[in-house]
Amino acid sequence: MIIETRNLTKYYGDVPAVKKLSITIEEGATGLLGPNGAGKSTLIRMLLGLLRPSSGSGTVLGFDIKKEGIMIREKIGYMPEHDCLIENMTAVDFVTYMGVIRGLPKEDALQRAHETLYYAGIGEERYRKIKEYSTGMKQRIKLAQALVHDPEILFLDEPTNGMDPFGREEILEIIKDISKKGKNVLLSSHILPDVEGVCDNVILINKGELVVEGKIKELLERKNMLEIRVKRNPEELLKNIECEYEIFGNTIKIKDYPRNIYSEILKNAAENNIQIRYMSDVRNSLENLFINLLGD
């Protein structure tokens with residue numbers, strides 16, 4: 001366990017941004033999912049010790065988020081959602097500067113700046129001033145500065161914002177590689193395919209509250225869906241079968257169905273002379289899970 005919160009709450013005036021949030025994050029790559037305004041950035045800032053909770057508690061790598069924020073930030077590489085860049089500096093000077101701030105000797109920081117910028121996909125361009133960069137290139141600089149001090153955990157807040165499809169895929173591949181090399185990653189995003197492609201675990205929050213957390217693979221298996229189309233009498237097809245379903249005309253969508261449902265459906269179809277025109281498992285995705293859970 002690298003991160004834990006218990007009833008973590010943050011109010012802005014009378015408005016709750018995070019409400020009694022209790023989560024546990026294990027080693028590996030974890031996606032922090034939620035619609036815009038769900039409380040993701042507020043949660044990250046509390047975990048970094050940059051924002052004091054209204055109530056509740058939390059730890060990051062065993063450090064108390066209320067009392068030991070400086071020690072937490074020494075161990076974390078943070079890529080914020082919004083620009084944190086100094087426009088008149090070159091990329092290599094800026095990342096070097098961030099390395100020095102985090103305690104690296106100047107020579108080591110310079111070497112690491114070159115390494116992390118190259119790793120993030122910035123070659124000779126690293127000598128240009130940041131104000132000359134596109135939004136996508138600035139995202140790469142933000143990733144490089146998060147990596148410069150070789151942190152134990154990366155907090156990435158909307159890392160693909162403003163990137164074209166090619167650049168987005170490149171950044172996601174880099175994040176995958178970081179995770180494969182044993183670095184812990186907390187990826188905050190509202191872009192579901194980004195999380196599904198990179199992370200093993202997911203935390204879904206909405207309006208500051210926990211909706212679900214767990215391993216993505218297990219959550220998707222839990223929410224399998226069976227779609228059936230019949231000629232008539234869809235209700236009769238599910239007679240005496242315990243399952244959660246919805247009927248749209250002559251189409252039936254069944255969620256969380258038992259393993260023996262196929263034989264039961266075929267039995268009911270034969271007994272009631274119901275013609276099945278189509279029956280198939282619908283491949284689930286994080287997007288479908290997201291819609292179903294928030295719809296509930």
# chains A, B, ... in the order shown; residues from 1 in each chain; ligands from 1
>>> residues_around(residues="region 33-44 of chain A", least_positions_apart="4", cutoff="8 Å", atoms="only C-alpha atoms", output="PDB file with C-alpha atoms, in the first residue's frame")
ATOM      1  CA  LYS A  10     -12.429  19.094   1.571  1.00  0.00           C
ATOM      2  CA  ALA A  17     -15.107  19.081  -3.371  1.00  0.00           C
ATOM      3  CA  VAL A  18     -14.177  15.748  -1.760  1.00  0.00           C
ATOM      4  CA  LEU A  48       0.804  16.229  -1.994  1.00  0.00           C
ATOM      5  CA  LEU A  51      -4.034  21.630   0.330  1.00  0.00           C
ATOM      6  CA  PHE A 155       1.234  11.935  -9.982  1.00  0.00           C
ATOM      7  CA  ASP A 157      -2.874  15.088 -13.760  1.00  0.00           C
ATOM      8  CA  SER A 188      -5.716  11.272 -13.189  1.00  0.00           C
ATOM      9  CA  SER A 189      -7.857  11.657 -16.295  1.00  0.00           C
ATOM     10  CA  HIS A 190     -11.360  12.002 -17.676  1.00  0.00           C
ATOM     11  CA  LEU A 192     -11.197   6.611 -20.237  1.00  0.00           C
ATOM     12  CA  VAL A 195      -6.600   4.889 -18.189  1.00  0.00           C
ATOM     13  CA  VAL A 202      -8.818   2.263 -11.146  1.00  0.00           C
ATOM     14  CA  ILE A 203     -10.546   4.577  -8.700  1.00  0.00           C
ATOM     15  CA  LEU A 204     -13.729   6.220  -9.960  1.00  0.00           C
ATOM     16  CA  ILE A 205     -15.000   9.283  -8.127  1.00  0.00           C
ATOM     17  CA  ASN A 206     -17.930  11.564  -8.832  1.00  0.00           C
ATOM     18  CA  LYS A 207     -18.958  14.736  -7.003  1.00  0.00           C
ATOM     19  CA  GLY A 208     -16.127  14.088  -4.565  1.00  0.00           C
TER      20      GLY A 208
END
>>> select_by_dssp(residues="region 85-177 of chain A", states="strand (DSSP E)", output="list in words")
Ile153, Leu154, Phe155, Leu156 and Asp157 of chain A
>>> write_last_selection(atoms="N, CA and C atoms", output="tab-separated table (two decimals), in the first residue's frame")
chain	number	residue	atom	x	y	z
A	153	ILE	N	6.91	7.79	-6.79
A	153	ILE	CA	5.56	7.79	-7.37
A	153	ILE	C	5.43	8.98	-8.31
A	154	LEU	N	4.74	8.76	-9.42
A	154	LEU	CA	4.39	9.85	-10.33
A	154	LEU	C	2.92	10.18	-10.18
A	155	PHE	N	2.61	11.44	-9.94
A	155	PHE	CA	1.23	11.93	-9.98
A	155	PHE	C	1.06	12.68	-11.30
A	156	LEU	N	0.29	12.14	-12.20
A	156	LEU	CA	0.09	12.72	-13.53
A	156	LEU	C	-1.34	13.19	-13.66
A	157	ASP	N	-1.53	14.50	-13.72
A	157	ASP	CA	-2.87	15.09	-13.76
A	157	ASP	C	-3.19	15.50	-15.20
>>> closest_residue(among="A:Glu115, A:Glu287, A:Glu87, A:Glu4", to="Asp150 (chain A)", atoms="only C-alpha atoms")
A:Glu115
>>> atom_distance(atom1="CA of Glu218 (chain A)", atom2="CA of Leu187 (chain A)")
18.9 Å
>>> residues_around(residues="Ile72 (chain A)", least_positions_apart="4", cutoff="12 Å", atoms="only C-alpha atoms", output="PyMOL selection string")
chain A and resi 2-3+44-50+58-68+76-78+102+151-155
>>> closest_residue(among="A:Thr9, A:Asn273, A:Thr30, A:Ser22", to="Gly197 (chain A)", atoms="only C-alpha atoms")
A:Thr30
>>> select_by_dssp(residues="region 32-195 of chain A", states="helix (DSSP H, G or I)", output="ChimeraX atom specification")
/A:40-47,69-75,91-101,106-119,124-127,130-132,135-147,165-180,192-195
>>> atom_distance(atom1="CA of Gly56 (chain A)", atom2="CA of Asn201 (chain A)")
23.4 Å
>>> closest_residue(among="A:Asp83, A:Asp177, A:Asp108, A:Glu271", to="Gly136 (chain A)", atoms="only C-alpha atoms")
A:Asp83
>>> residues_around(residues="Asp194 (chain A)", least_positions_apart="4", cutoff="9 Å", atoms="only C-alpha atoms", output="list in words")
Gly31, Thr160, Arg168, Glu169, Leu172, Leu187, Ser189, His190, Val198 and Cys199 of chain A
>>> residues_around(residues="Asp200 (chain A)", least_positions_apart="6", cutoff="12 Å", atoms="only C-alpha atoms", output="NGL selection string")
:A and (25-32 or 176 or 179-180 or 184-187 or 194 or 213-220 or 286)
